[in-house]
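Undergrad: TSV, C-alpha atoms, saved as model24.tsv, coming up:
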chain	number	residue	atom	x	y	z
A	1	MET	CA	0.00	0.00	0.00
A	2	THR	CA	1.30	3.41	-0.94
A	3	GLY	CA	0.01	6.37	1.05
A	4	ASN	CA	-3.79	6.25	1.16
A	5	GLN	CA	-4.12	4.06	-1.91
A	6	VAL	CA	-6.27	0.96	-1.43
A	7	ASN	CA	-6.52	-1.39	-4.39
A	8	ARG	CA	-7.20	-4.72	-2.72
A	9	VAL	CA	-9.08	-5.70	0.44
A	10	LEU	CA	-8.82	-9.20	1.94
A	11	ARG	CA	-11.77	-10.35	4.03
A	12	ILE	CA	-11.41	-13.43	6.20
A	13	ASP	CA	-14.55	-14.85	7.85
A	14	SER	CA	-14.41	-17.64	10.42
A	15	SER	CA	-17.86	-17.93	12.00
A	16	SER	CA	-19.58	-21.29	11.58
A	17	SER	CA	-22.95	-19.48	11.59
A	18	ALA	CA	-24.72	-18.55	8.37
A	19	HIS	CA	-24.67	-14.94	7.26
A	20	GLY	CA	-28.02	-13.92	8.69
A	21	ARG	CA	-27.23	-15.37	12.12
A	22	SER	CA	-23.63	-14.18	12.47
A	23	MET	CA	-22.88	-10.92	14.24
A	24	THR	CA	-19.29	-10.88	12.99
A	25	ARG	CA	-20.36	-11.41	9.38
A	26	ARG	CA	-22.88	-8.55	9.60
A	27	LEU	CA	-20.27	-6.26	11.07
A	28	GLY	CA	-17.83	-7.38	8.39
A	29	ASP	CA	-20.39	-6.38	5.77
A	30	GLU	CA	-20.50	-2.93	7.34
A	31	VAL	CA	-16.72	-2.60	7.18
A	32	ILE	CA	-16.81	-3.54	3.49
A	33	LYS	CA	-19.61	-1.04	2.87
A	34	ARG	CA	-17.61	1.79	4.39
A	35	LEU	CA	-14.39	0.81	2.65
A	36	ASN	CA	-16.26	0.71	-0.66
A	37	GLN	CA	-17.51	4.20	0.04
A	38	ALA	CA	-14.02	5.42	0.81
A	39	TYR	CA	-12.24	3.53	-1.97
A	40	PRO	CA	-14.63	2.78	-4.85
A	41	GLY	CA	-13.23	0.23	-7.23
A	42	ALA	CA	-11.07	-1.58	-4.68
A	43	GLU	CA	-11.07	-5.34	-5.26
A	44	VAL	CA	-12.41	-7.45	-2.39
A	45	ILE	CA	-10.97	-10.94	-1.96
A	46	GLU	CA	-13.17	-13.10	0.28
A	47	ARG	CA	-11.82	-16.07	2.17
A	48	ASP	CA	-14.54	-17.90	4.13
A	49	LEU	CA	-12.92	-20.45	6.43
A	50	SER	CA	-16.17	-22.05	7.58
A	51	GLY	CA	-16.08	-24.54	4.70
A	52	GLY	CA	-12.88	-26.06	6.04
A	53	ILE	CA	-9.17	-25.46	5.75
A	54	GLU	CA	-6.13	-27.69	5.80
A	55	PHE	CA	-4.60	-28.60	9.16
A	56	LEU	CA	-0.89	-29.04	9.74
A	57	SER	CA	0.55	-32.50	9.12
A	58	ASP	CA	4.00	-33.98	9.54
A	59	ASN	CA	4.52	-33.88	5.75
A	60	TRP	CA	3.52	-30.20	5.70
A	61	VAL	CA	5.93	-29.36	8.52
A	62	GLN	CA	8.79	-31.22	6.85
A	63	ALA	CA	8.11	-29.51	3.53
A	64	ASN	CA	8.01	-26.10	5.19
A	65	MET	CA	11.29	-26.76	7.01
A	66	THR	CA	13.02	-27.76	3.78
A	67	ASP	CA	14.96	-24.99	2.05
A	68	PRO	CA	12.74	-23.65	-0.77
A	69	ALA	CA	15.48	-24.31	-3.33
A	70	GLU	CA	15.62	-27.97	-2.29
A	71	ARG	CA	11.91	-28.81	-2.14
A	72	ASN	CA	10.75	-31.55	-4.47
A	73	ARG	CA	7.52	-31.37	-6.45
A	74	ALA	CA	5.52	-33.23	-3.81
A	75	GLN	CA	6.64	-30.77	-1.15
A	76	GLN	CA	5.79	-27.82	-3.37
A	77	GLU	CA	2.30	-29.24	-3.88
A	78	ILE	CA	1.86	-29.78	-0.14
A	79	LEU	CA	2.61	-26.10	0.47
A	80	ALA	CA	0.63	-24.75	-2.50
A	81	ASP	CA	-2.52	-23.85	-0.54
A	82	SER	CA	-0.47	-22.20	2.19
A	83	ASP	CA	1.49	-20.26	-0.44
A	84	GLN	CA	-1.80	-18.95	-1.86
A	85	LEU	CA	-3.03	-17.83	1.58
A	86	VAL	CA	0.23	-15.98	2.19
A	87	ARG	CA	0.00	-14.28	-1.21
A	88	GLU	CA	-3.55	-13.13	-0.43
A	89	LEU	CA	-2.36	-11.69	2.85
A	90	ASP	CA	0.71	-10.01	1.41
A	91	ASP	CA	-1.13	-8.55	-1.59
A	92	ALA	CA	-3.87	-6.90	0.48
A	93	ASP	CA	-3.75	-3.19	1.27
A	94	VAL	CA	-6.40	-3.63	3.97
A	95	ILE	CA	-7.40	-6.80	5.83
A	96	ILE	CA	-10.67	-7.61	7.60
A	97	ILE	CA	-10.73	-10.55	10.02
A	98	THR	CA	-14.11	-11.46	11.48
A	99	ALA	CA	-13.96	-13.83	14.42
A	100	PRO	CA	-16.46	-14.93	17.05
A	101	VAL	CA	-15.19	-16.11	20.41
A	102	TYR	CA	-15.70	-19.87	20.79
A	103	ASN	CA	-15.01	-21.32	24.22
A	104	PHE	CA	-12.90	-18.29	25.16
A	105	SER	CA	-10.68	-18.51	22.06
A	106	VAL	CA	-10.78	-18.34	18.27
A	107	PRO	CA	-12.59	-20.76	15.91
A	108	ALA	CA	-10.55	-23.81	14.94
A	109	ALA	CA	-10.71	-22.80	11.27
A	110	LEU	CA	-9.11	-19.44	12.04
A	111	LYS	CA	-6.36	-21.15	14.04
A	112	ALA	CA	-5.75	-23.42	11.04
A	113	TRP	CA	-5.47	-20.36	8.78
A	114	ILE	CA	-2.97	-18.84	11.20
A	115	ASP	CA	-0.89	-22.02	11.06
A	116	MET	CA	-0.93	-21.81	7.26
A	117	VAL	CA	0.31	-18.19	7.08
A	118	CYS	CA	2.87	-18.19	9.90
A	119	ARG	CA	5.77	-19.40	7.76
A	120	ALA	CA	9.42	-19.18	8.80
A	121	ARG	CA	11.50	-17.30	6.21
A	122	LEU	CA	8.31	-16.18	4.49
A	123	THR	CA	6.22	-14.20	6.98
A	124	PHE	CA	8.62	-14.19	9.95
A	125	ARG	CA	12.17	-15.07	10.89
A	126	TYR	CA	14.21	-15.48	14.02
A	127	THR	CA	17.22	-13.25	14.61
A	128	GLU	CA	19.72	-12.92	17.44
A	129	ASN	CA	17.37	-10.29	18.85
A	130	GLY	CA	14.27	-12.48	18.65
A	131	SER	CA	11.52	-12.91	16.09
A	132	GLN	CA	10.97	-10.43	13.26
A	133	GLY	CA	7.83	-10.11	11.16
A	134	LEU	CA	8.46	-9.98	7.42
A	135	LEU	CA	5.15	-8.62	6.17
A	136	GLN	CA	4.66	-4.91	5.60
A	137	ASP	CA	2.38	-3.26	8.13
A	138	ARG	CA	-1.12	-2.37	6.93
A	139	PRO	CA	-4.53	-1.74	8.52
A	140	VAL	CA	-6.38	-4.76	9.88
A	141	TYR	CA	-10.00	-4.40	10.98
A	142	LEU	CA	-10.38	-7.02	13.69
A	143	VAL	CA	-14.12	-7.66	13.99
A	144	MET	CA	-15.03	-9.84	16.96
A	145	ALA	CA	-18.13	-10.87	18.90
A	146	SER	CA	-18.55	-12.77	22.15
A	147	GLY	CA	-21.61	-14.18	23.83
A	148	GLY	CA	-20.47	-13.69	27.40
A	149	VAL	CA	-16.78	-12.79	27.45
A	150	ALA	CA	-15.65	-9.20	27.99
A	151	PHE	CA	-12.79	-8.37	25.65
A	152	GLY	CA	-9.59	-7.67	27.54
A	153	SER	CA	-10.76	-9.67	30.55
A	154	SER	CA	-8.91	-12.63	32.06
A	155	ALA	CA	-11.30	-14.95	30.20
A	156	ASP	CA	-10.49	-13.46	26.79
A	157	PHE	CA	-7.94	-15.71	25.13
A	158	ALA	CA	-8.93	-14.60	21.62
A	159	SER	CA	-8.37	-10.89	20.98
A	160	GLY	CA	-4.91	-10.67	22.54
A	161	TYR	CA	-3.83	-13.81	20.72
A	162	LEU	CA	-4.91	-12.41	17.34
A	163	ARG	CA	-3.12	-9.11	18.02
A	164	HIS	CA	0.01	-11.01	18.98
A	165	ILE	CA	-0.06	-13.23	15.90
A	166	LEU	CA	-0.54	-10.28	13.56
A	167	GLY	CA	2.34	-8.43	15.20
A	168	PHE	CA	4.46	-11.58	14.99
A	169	ILE	CA	4.28	-11.49	11.19
A	170	GLY	CA	4.75	-7.70	11.02
A	171	ILE	CA	1.20	-6.28	11.09
A	172	ARG	CA	0.60	-3.92	14.01
A	173	ASP	CA	-2.04	-1.48	12.73
A	174	VAL	CA	-4.94	-3.40	14.29
A	175	ARG	CA	-8.28	-1.57	14.42
A	176	THR	CA	-10.71	-3.32	16.74
A	177	VAL	CA	-14.48	-3.58	16.34
A	178	TYR	CA	-15.89	-5.50	19.30
A	179	ALA	CA	-19.43	-6.66	20.05
A	180	GLU	CA	-19.10	-8.20	23.49
A	181	ARG	CA	-21.55	-10.07	25.70
A	182	THR	CA	-24.13	-10.36	22.95
A	183	ASN	CA	-26.12	-12.86	25.02
A	184	THR	CA	-27.02	-10.03	27.41
A	185	ASN	CA	-28.16	-7.43	24.89
A	186	SER	CA	-27.38	-8.19	21.27
A	187	SER	CA	-28.68	-4.88	19.89
A	188	ALA	CA	-26.67	-2.81	22.37
A	189	SER	CA	-23.56	-4.89	21.67
A	190	GLU	CA	-23.89	-4.37	17.92
A	191	SER	CA	-24.50	-0.66	18.38
A	192	ALA	CA	-21.36	-0.35	20.52
A	193	ALA	CA	-19.37	-2.18	17.84
A	194	LEU	CA	-20.63	0.21	15.17
A	195	ASP	CA	-19.56	3.12	17.35
A	196	MET	CA	-16.08	1.63	17.48
A	197	LEU	CA	-16.09	1.19	13.70
A	198	ALA	CA	-17.11	4.83	13.25
A	199	GLN	CA	-13.88	5.88	14.94
A	200	TRP	CA	-11.97	4.18	12.15
A	201	LEU	CA	-14.39	4.52	9.24
A	202	PRO	CA	-17.05	7.18	9.70
A	203	LEU	CA	-19.67	7.05	6.98
A	204	GLU	CA	-18.75	10.60	6.04
A	205	ALA	CA	-15.12	11.51	5.24
A	206	ALA	CA	-14.12	7.86	5.52
A	207	THR	CA	-11.20	8.42	3.15
A	208	ALA	CA	-9.14	9.73	6.06
A	209	ALA	CA	-9.25	6.38	7.83
A	210	VAL	CA	-6.35	4.56	6.16
What do you get writing this file as structure tokens?
TA:
Amino acid sequence: MTGNQVNRVLRIDSSSSAHGRSMTRRLGDEVIKRLNQAYPGAEVIERDLSGGIEFLSDNWVQANMTDPAERNRAQQEILADSDQLVRELDDADVIIITAPVYNFSVPAALKAWIDMVCRARLTFRYTENGSQGLLQDRPVYLVMASGGVAFGSSADFASGYLRHILGFIGIRDVRTVYAERTNTNSSASESAALDMLAQWLPLEAATAAV
């Protein structure tokens, strides 16, 4: 991304609920709506993880640990889906991640996606001073909803984890949109989340947000 230019938006959904029943998907729609207003013509790449995603295997790990110049064709094929996910991430000027809280943490499909994009020598590396993210920083709209967990509380093992993972690969501009404790008052939770979104992407003058 150069300056305020946004050509490509990557949207990653992870809720197992259908669109009409998912708070995070509805809020994700609102983020897309406001980004489209601010940057008409930007391409939106959608990656819905609810249909399933590859899990790590021993063959995958061994292929990933092999020097890229020495990988055989079978190893290249094993890593092909992961390579595509990394390209989607790296090519995006803006990223939207929608994630409900399941049992105090993130959906299994989102964890699987994380495992596919956290690649040594590709999205991070270890140095004598510790780990270093290799992806260029860019805005991430982190859209989350919880039924009973307060974000930032001792029971929240989801939001801090996602922030940490993004920072681990080099992405630190995380813009949170939280609908918490939706089981108590869903409408109020969604309204509070939209207020948070308005701080990043007001419906008017939204072009200043990125």
Undergrad: Need to verify the contact set: Leu49 (chain A), 10 Å, only C-alpha atoms, exclusion of same-chain residues closer than 2 positions in sequence. Can you return it as a list in words?
TA: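 My list of contacting residues is Ile12, Asp13, Ser14, Ser15, Ser16, Glu46, Arg47, Gly51, Gly52, Ile53, Glu54, Pro107, Ala108, Ala109, Leu110, Ala112 and Trp113 of chain A.
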Undergrad: Using all atoms listed in the file, determine which residues lie at most 9 Å from Leu203 (chain A), disregarding the query and same-chain residues fewer than 6 positions distant; provide the list as an MDAnalysis selection string.
TA: chainID A and resid 34 37:38
Undergrad: Please produce an output containing C-alpha atoms for each residue in the selection, written as a PDB file, in the coordinates of the input.
TA:
ATOM      1  CA  ARG A  34     -17.610   1.790   4.390  1.00  0.00           C
ATOM      2  CA  GLN A  37     -17.510   4.200   0.040  1.00  0.00           C
ATOM      3  CA  ALA A  38     -14.020   5.420   0.810  1.00  0.00           C
TER       4      ALA A  38
END
Undergrad: Quick one: distance from CA of Thr184 (chain A) to CA of Gly148 (chain A) in Å, one decimal?
TA: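 These atoms are spaced 7.5 Å apart.
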Undergrad: Using all atoms listed in the file, which residue out of A:Val177, A:Val101, A:Val117, A:Val9 lies closest to Glu190 (chain A)?
TA: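 Closest residue, counting all atoms listed in the file: A:Val177.
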Undergrad: Counting only C-alpha atoms, figure out which residue out of A:Leu135, A:Leu142, A:Ala99, A:Leu201 gets nearest to Lys33 (chain A).
TA: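 Using only C-alpha atoms, Lys33 (chain A) sits closest to A:Leu201.
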Undergrad: Of the candidates A:Val149, A:Met116, A:Val94, A:Leu197, which one gets nearest to Ile171 (chain A) if we count all atoms listed in the file?
TA: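 Looking at the shortest contact to Ile171 (chain A), the residue is A:Val94.
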Undergrad: Using CA of Val61 (chain A) and CA of Thr127 (chain A) as the two end points, give the distance in Å to one decimal.
TA: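 A separation of 20.6 Å between them.
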